[in-house]
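Input: a single structure, listed below in structure tokens.
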Amino acid sequence: MHNFDYIINRIDIGGLAFAESILSGSRSTIAFISDPGTVSELEPSTRNTVEALDQASALGINAITVREWLNLRVPQKGADLDDYCRLILNRRMIPTGRVQVIEKGACENSDAIRLARPDRRALSSDRPKIVLTDQLPTSTHRPFISCFSTAPGIKVIQSFAHLSEHYLQSSAIENFCILGAGWKGIEAAIALLDAGLPHDKICWVKSREPWVLAAPAPSATPPHSQLATTSLQANLTAMAHAQTQDDLCFRLEEAGMLMRLSEHQAPSYFLPHVVSRKDAHRLRAIARVIRKGHVHAISKIGMVLTRGIAPMPDKTLYIDCTGRGDASRAPNLVFQPGKINLAEIRLCHPSFSAAMIGAIACSNQSDAELNKMCVPISGKGIADRLLTSILNHHAWLRSPDLRRWLEKSRLDPLLQRTAWRLNHSDRTPQDLKPIRSILPRVIINLESMIQRDQDMNLQVS
């Protein structure tokens with residue numbers, strides 16, 4: 001009979017990153033629930049391949065990131081994260097003797113595991129923890145409901161993940177129309193450009209324009225070197241002095257942390273998604289952008305939108321990247337009785353977040369104490385998200401055990417370098433003192449900004 005300490009509901013990047021921390025920080029055993037019907041949907045974006053992912057160096061597990069895997073393997077077009085996950089599982093985790101895969105598993109009611117096999121009782125242990133990956137951005141297993149009607153004969157696919165070479169090379173399709181300005185729409189546009197599609201064949205429907213995070217340039221700086229903190233100080237200074245959330249976004253753009261994806265339209269909200277400067281430049285070159293609100297219906301002659309109509313060519317393929325976002329929905333607590341909800345606890349760092357939760361889980365503390373160190377990032381505005389992320393960083397760096405773990409974690413070079421320097425110094429390093437001195441003002445200002453917005457919303461309602 002097999003007893004497991006953790007049962008992870010799905011094989012994906014988040015679950016693997018969590019499992020790596022558990023394996024290195026304890027003697028616990030782990031079961032992964034595998035559903036063969038969903039393994040191919042492990043992409044953290046709508047792109048089928050990962051060669052072009054700028055954040056690949058921060059994606060995966062600490063032992064070997066996705067970027068390192070791509071550099072080591074024989075170059076092959078169309079490599080996806082399914083290949084990476086299987087490699088990590090079969091070559092690094094199962095050989096430990098503490099990890100097993102249970103096929104045809106399913107998560108039922110988010111509270112228990114139901115197994116489609118006769119010996120499901122073999123999974124019972126005294127107190128197994130069910131680990132759910134659904135709250136992580138790397139999980140694509142979410143219901144999708146189109147929010148517009150279509151006339152018969154209209155070609156619509158749901159996200160770029162369903163776009164094949166057949167559509168790209170078909171003479172029956174002369175125009176590609178992306179519906180939605182969120183992260184799925186952004187990744188779909190990048191993927192079309194990666195496939196060599198000319199800009200004039202791409203049309204993009206945007207109901208609003210987002211601010212996005214600028215991907216940091218890859219760094220080969222060793223963790224023990226003195227990192228130039230100019231950029232970090234500039235970001236913190238913007239947070240400390242901004243008057244409103246809109247003002248904060250403009251200041252962070254000047255500091256280099258945020259970018260806009262249109263030269264002619266001011267952004268109106270913050271989208272927690274990372275885009276490289278190269279990709280942002282290519283996206284700005286898409287000239288055919290329709291800004292007439294949300295799509296309500298599509299017919300042979302075009303689209304009906306909130307603020308008018310938009311004629312479209314007959315041979316148009318619509319890529320549906322719409323859908324109501326869940327950013328404003330309060331996420332579940334990470335640690336609950338008998339359950340762990342993996343969630344993003346560092347802004348736009350899902351792999352690191354899952355790995356950190358695994359490191360925190362190895363602490364011998366109550367769920368209440370563990371939850372204080374990993375508050376899920378949520379909220380409509382950028383101030384909410386930045387504040388939660390900063391407070392989580394502060395909790396980790398105050399813990400000697402977590403600082404030692406951070407020093408070995410390569411998924412977040414900035415926190416790794418900071419932890420190394422704090423662990424190997426008797427006093428605060430000189431270039432970190434300005435950062436430490438400005439943090440209280442940053443926290444107070446972000447809290448004030450959030451409170452003002454809440455008060456304003458109450459007055460409006």
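Letters A, B, ... go to the chains of the structure tokens in the order shown; residues in each chain start at 1; ligands are counted from 1 in the same order.
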
Taking 3 positions as the minimum chain separation for residues in the same chain, which residues sit within 9 Å of Ala354 in chain A when counting only C-alpha atoms? Answer as a PDB file with N, CA, C and O atoms, in the first residue's frame.
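Just written: out.pdb:
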```
ATOM      1  N   ILE A  13       3.616  22.978 -14.546  1.00  0.00           N
ATOM      2  CA  ILE A  13       4.816  23.676 -14.067  1.00  0.00           C
ATOM      3  C   ILE A  13       4.721  24.021 -12.590  1.00  0.00           C
ATOM      4  O   ILE A  13       5.656  23.831 -11.820  1.00  0.00           O
ATOM      5  N   GLY A  14       3.561  24.545 -12.172  1.00  0.00           N
ATOM      6  CA  GLY A  14       3.398  24.933 -10.773  1.00  0.00           C
ATOM      7  C   GLY A  14       3.523  23.757  -9.831  1.00  0.00           C
ATOM      8  O   GLY A  14       4.205  23.838  -8.805  1.00  0.00           O
ATOM      9  N   GLY A  15       2.864  22.645 -10.180  1.00  0.00           N
ATOM     10  CA  GLY A  15       2.946  21.473  -9.327  1.00  0.00           C
ATOM     11  C   GLY A  15       4.355  20.915  -9.222  1.00  0.00           C
ATOM     12  O   GLY A  15       4.794  20.481  -8.153  1.00  0.00           O
ATOM     13  N   LEU A  16       5.100  20.942 -10.324  1.00  0.00           N
ATOM     14  CA  LEU A  16       6.483  20.448 -10.315  1.00  0.00           C
ATOM     15  C   LEU A  16       7.386  21.344  -9.474  1.00  0.00           C
ATOM     16  O   LEU A  16       8.258  20.858  -8.747  1.00  0.00           O
ATOM     17  N   ALA A  17       7.211  22.668  -9.575  1.00  0.00           N
ATOM     18  CA  ALA A  17       8.030  23.589  -8.786  1.00  0.00           C
ATOM     19  C   ALA A  17       7.766  23.407  -7.293  1.00  0.00           C
ATOM     20  O   ALA A  17       8.693  23.413  -6.475  1.00  0.00           O
ATOM     21  N   PHE A  18       6.493  23.235  -6.941  1.00  0.00           N
ATOM     22  CA  PHE A  18       6.142  22.969  -5.544  1.00  0.00           C
ATOM     23  C   PHE A  18       6.769  21.661  -5.078  1.00  0.00           C
ATOM     24  O   PHE A  18       7.370  21.585  -3.998  1.00  0.00           O
ATOM     25  N   ALA A  19       6.652  20.610  -5.895  1.00  0.00           N
ATOM     26  CA  ALA A  19       7.167  19.291  -5.518  1.00  0.00           C
ATOM     27  C   ALA A  19       8.678  19.318  -5.314  1.00  0.00           C
ATOM     28  O   ALA A  19       9.197  18.664  -4.399  1.00  0.00           O
ATOM     29  N   SER A  21      10.533  21.714  -4.159  1.00  0.00           N
ATOM     30  CA  SER A  21      10.831  22.273  -2.839  1.00  0.00           C
ATOM     31  C   SER A  21      10.506  21.285  -1.724  1.00  0.00           C
ATOM     32  O   SER A  21      11.242  21.187  -0.739  1.00  0.00           O
ATOM     33  N   THR A 133      -3.531  23.367  -8.176  1.00  0.00           N
ATOM     34  CA  THR A 133      -2.755  24.323  -8.968  1.00  0.00           C
ATOM     35  C   THR A 133      -3.633  25.298  -9.743  1.00  0.00           C
ATOM     36  O   THR A 133      -3.120  26.126 -10.491  1.00  0.00           O
ATOM     37  N   LEU A 136      -3.009  29.245 -10.096  1.00  0.00           N
ATOM     38  CA  LEU A 136      -1.796  29.767 -10.715  1.00  0.00           C
ATOM     39  C   LEU A 136      -2.070  30.201 -12.156  1.00  0.00           C
ATOM     40  O   LEU A 136      -2.850  29.550 -12.863  1.00  0.00           O
ATOM     41  N   LEU A 342      -2.082  26.479  -4.496  1.00  0.00           N
ATOM     42  CA  LEU A 342      -0.953  27.203  -5.067  1.00  0.00           C
ATOM     43  C   LEU A 342      -1.471  28.477  -5.714  1.00  0.00           C
ATOM     44  O   LEU A 342      -2.449  28.456  -6.462  1.00  0.00           O
ATOM     45  N   ALA A 343      -0.822  29.588  -5.424  1.00  0.00           N
ATOM     46  CA  ALA A 343      -1.259  30.884  -5.946  1.00  0.00           C
ATOM     47  C   ALA A 343      -0.034  31.747  -6.172  1.00  0.00           C
ATOM     48  O   ALA A 343       1.063  31.458  -5.673  1.00  0.00           O
ATOM     49  N   GLU A 344      -0.218  32.815  -6.924  1.00  0.00           N
ATOM     50  CA  GLU A 344       0.885  33.737  -7.178  1.00  0.00           C
ATOM     51  C   GLU A 344       1.101  34.605  -5.944  1.00  0.00           C
ATOM     52  O   GLU A 344       0.216  35.341  -5.520  1.00  0.00           O
ATOM     53  N   ILE A 345       2.280  34.498  -5.349  1.00  0.00           N
ATOM     54  CA  ILE A 345       2.595  35.288  -4.161  1.00  0.00           C
ATOM     55  C   ILE A 345       3.741  36.266  -4.438  1.00  0.00           C
ATOM     56  O   ILE A 345       4.136  37.017  -3.554  1.00  0.00           O
ATOM     57  N   HIS A 349       5.338  35.881 -11.172  1.00  0.00           N
ATOM     58  CA  HIS A 349       6.372  34.847 -11.027  1.00  0.00           C
ATOM     59  C   HIS A 349       5.707  33.550 -10.557  1.00  0.00           C
ATOM     60  O   HIS A 349       5.872  33.129  -9.415  1.00  0.00           O
ATOM     61  N   PRO A 350       4.939  32.886 -11.418  1.00  0.00           N
ATOM     62  CA  PRO A 350       4.197  31.701 -10.969  1.00  0.00           C
ATOM     63  C   PRO A 350       5.072  30.531 -10.536  1.00  0.00           C
ATOM     64  O   PRO A 350       4.771  29.872  -9.541  1.00  0.00           O
ATOM     65  N   SER A 351       6.149  30.267 -11.263  1.00  0.00           N
ATOM     66  CA  SER A 351       7.017  29.138 -10.884  1.00  0.00           C
ATOM     67  C   SER A 351       7.685  29.402  -9.543  1.00  0.00           C
ATOM     68  O   SER A 351       7.713  28.531  -8.664  1.00  0.00           O
ATOM     69  N   ILE A 357       6.044  28.473  -1.975  1.00  0.00           N
ATOM     70  CA  ILE A 357       5.001  27.865  -1.144  1.00  0.00           C
ATOM     71  C   ILE A 357       5.453  26.491  -0.663  1.00  0.00           C
ATOM     72  O   ILE A 357       5.203  26.109   0.488  1.00  0.00           O
ATOM     73  N   GLY A 358       6.142  25.747  -1.534  1.00  0.00           N
ATOM     74  CA  GLY A 358       6.682  24.458  -1.120  1.00  0.00           C
ATOM     75  C   GLY A 358       7.704  24.609  -0.011  1.00  0.00           C
ATOM     76  O   GLY A 358       7.722  23.822   0.949  1.00  0.00           O
ATOM     77  N   ALA A 359       8.578  25.619  -0.115  1.00  0.00           N
ATOM     78  CA  ALA A 359       9.577  25.857   0.930  1.00  0.00           C
ATOM     79  C   ALA A 359       8.909  26.247   2.242  1.00  0.00           C
ATOM     80  O   ALA A 359       9.316  25.808   3.323  1.00  0.00           O
TER      81      ALA A 359
END
```

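Excluding Ile390 in chain A itself and any same-chain residue fewer than 6 positions from it, the protein and nucleic acid residues within 10 Å of it, counting only C-alpha atoms, are Ile345, Arg346, Leu347, Leu439, Val442 and Ile443 of chain A.
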
ask   = Which of these, A:Ala172, A:Ala188, A:Ile11, A:Leu305, has the shortest distance to Glu103 in chain A once you count only C-alpha atoms?
value = A:Ile11

Each residue of range 276-336 of chain A with at least one atom at most 10 Å from range 368-376 of chain A should appear once, together with its nearest atom pair and the corresponding distance in Å (one decimal); atoms considered: only C-alpha atoms; ordering: chain, then increasing residue number; output as a Markdown table.
```
| residue | atom | partner | partner_atom | distance |
| --- | --- | --- | --- | --- |
| A:Ala330 | CA | A:Pro376 | CA | 8.7 |
| A:Pro331 | CA | A:Pro376 | CA | 6.6 |
| A:Asn332 | CA | A:Pro376 | CA | 7.8 |
| A:Leu333 | CA | A:Asn371 | CA | 6.9 |
| A:Val334 | CA | A:Asn371 | CA | 6.4 |
| A:Phe335 | CA | A:Asn371 | CA | 6.1 |
| A:Gln336 | CA | A:Ala368 | CA | 8.6 |
```

Selection export as a PDB file, in the first residue's frame, atoms kept: all heavy atoms:
```pdb
ATOM      1  N   ALA A 330     -11.385  37.528  -4.943  1.00  0.00           N
ATOM      2  CA  ALA A 330     -10.458  37.232  -3.856  1.00  0.00           C
ATOM      3  C   ALA A 330     -10.029  35.772  -3.932  1.00  0.00           C
ATOM      4  O   ALA A 330     -10.883  34.875  -3.926  1.00  0.00           O
ATOM      5  CB  ALA A 330     -11.113  37.528  -2.518  1.00  0.00           C
ATOM      6  N   PRO A 331      -8.728  35.492  -4.023  1.00  0.00           N
ATOM      7  CA  PRO A 331      -8.276  34.101  -4.096  1.00  0.00           C
ATOM      8  C   PRO A 331      -8.400  33.411  -2.745  1.00  0.00           C
ATOM      9  O   PRO A 331      -8.505  34.060  -1.696  1.00  0.00           O
ATOM     10  CB  PRO A 331      -6.807  34.240  -4.515  1.00  0.00           C
ATOM     11  CG  PRO A 331      -6.399  35.575  -3.995  1.00  0.00           C
ATOM     12  CD  PRO A 331      -7.618  36.455  -4.065  1.00  0.00           C
ATOM     13  N   ASN A 332      -8.389  32.095  -2.780  1.00  0.00           N
ATOM     14  CA  ASN A 332      -8.449  31.326  -1.543  1.00  0.00           C
ATOM     15  C   ASN A 332      -7.134  31.437  -0.792  1.00  0.00           C
ATOM     16  O   ASN A 332      -6.075  31.665  -1.377  1.00  0.00           O
ATOM     17  CB  ASN A 332      -8.737  29.853  -1.852  1.00  0.00           C
ATOM     18  CG  ASN A 332     -10.076  29.648  -2.520  1.00  0.00           C
ATOM     19  OD1 ASN A 332     -11.065  30.256  -2.119  1.00  0.00           O
ATOM     20  ND2 ASN A 332     -10.129  28.804  -3.536  1.00  0.00           N
ATOM     21  N   LEU A 333      -7.190  31.261   0.529  1.00  0.00           N
ATOM     22  CA  LEU A 333      -5.967  31.187   1.314  1.00  0.00           C
ATOM     23  C   LEU A 333      -5.120  30.023   0.818  1.00  0.00           C
ATOM     24  O   LEU A 333      -5.646  28.987   0.395  1.00  0.00           O
ATOM     25  CB  LEU A 333      -6.297  30.986   2.791  1.00  0.00           C
ATOM     26  CG  LEU A 333      -6.934  32.169   3.528  1.00  0.00           C
ATOM     27  CD1 LEU A 333      -7.320  31.747   4.946  1.00  0.00           C
ATOM     28  CD2 LEU A 333      -5.970  33.352   3.573  1.00  0.00           C
ATOM     29  N   VAL A 334      -3.802  30.176   0.889  1.00  0.00           N
ATOM     30  CA  VAL A 334      -2.912  29.122   0.394  1.00  0.00           C
ATOM     31  C   VAL A 334      -3.022  27.874   1.250  1.00  0.00           C
ATOM     32  O   VAL A 334      -3.249  26.762   0.752  1.00  0.00           O
ATOM     33  CB  VAL A 334      -1.460  29.638   0.334  1.00  0.00           C
ATOM     34  CG1 VAL A 334      -0.502  28.480   0.024  1.00  0.00           C
ATOM     35  CG2 VAL A 334      -1.312  30.730  -0.714  1.00  0.00           C
ATOM     36  N   PHE A 335      -2.878  28.033   2.559  1.00  0.00           N
ATOM     37  CA  PHE A 335      -2.883  26.875   3.466  1.00  0.00           C
ATOM     38  C   PHE A 335      -4.234  26.777   4.168  1.00  0.00           C
ATOM     39  O   PHE A 335      -4.664  27.704   4.855  1.00  0.00           O
ATOM     40  CB  PHE A 335      -1.756  26.992   4.494  1.00  0.00           C
ATOM     41  CG  PHE A 335      -0.388  26.834   3.901  1.00  0.00           C
ATOM     42  CD1 PHE A 335       0.335  27.949   3.495  1.00  0.00           C
ATOM     43  CD2 PHE A 335       0.173  25.578   3.721  1.00  0.00           C
ATOM     44  CE1 PHE A 335       1.603  27.813   2.931  1.00  0.00           C
ATOM     45  CE2 PHE A 335       1.434  25.428   3.154  1.00  0.00           C
ATOM     46  CZ  PHE A 335       2.150  26.549   2.761  1.00  0.00           C
ATOM     47  N   GLN A 336      -4.891  25.634   3.971  1.00  0.00           N
ATOM     48  CA  GLN A 336      -6.158  25.343   4.602  1.00  0.00           C
ATOM     49  C   GLN A 336      -6.101  23.919   5.151  1.00  0.00           C
ATOM     50  O   GLN A 336      -5.244  23.129   4.736  1.00  0.00           O
ATOM     51  CB  GLN A 336      -7.312  25.491   3.606  1.00  0.00           C
ATOM     52  CG  GLN A 336      -7.466  26.901   3.050  1.00  0.00           C
ATOM     53  CD  GLN A 336      -8.652  27.019   2.115  1.00  0.00           C
ATOM     54  OE1 GLN A 336      -9.631  26.287   2.232  1.00  0.00           O
ATOM     55  NE2 GLN A 336      -8.572  27.952   1.178  1.00  0.00           N
TER      56      GLN A 336
END
```

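Closest to Ala242 in chain A among A:Thr418, A:Ser389, A:Asn445, A:Ser268 is A:Asn445, based on only C-alpha atoms.
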
request  = Find the residues around Leu59 in chain A up to 7 Å (only C-alpha atoms counted), leave out those fewer than 5 positions away in its own chain, and share them as a PyMOL selection string.
outcome  = chain A and resi 65-66+351+411

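Note that the spacing between CA of Thr316 in chain A and CA of Ile154 in chain A amounts to 8.1 Å.
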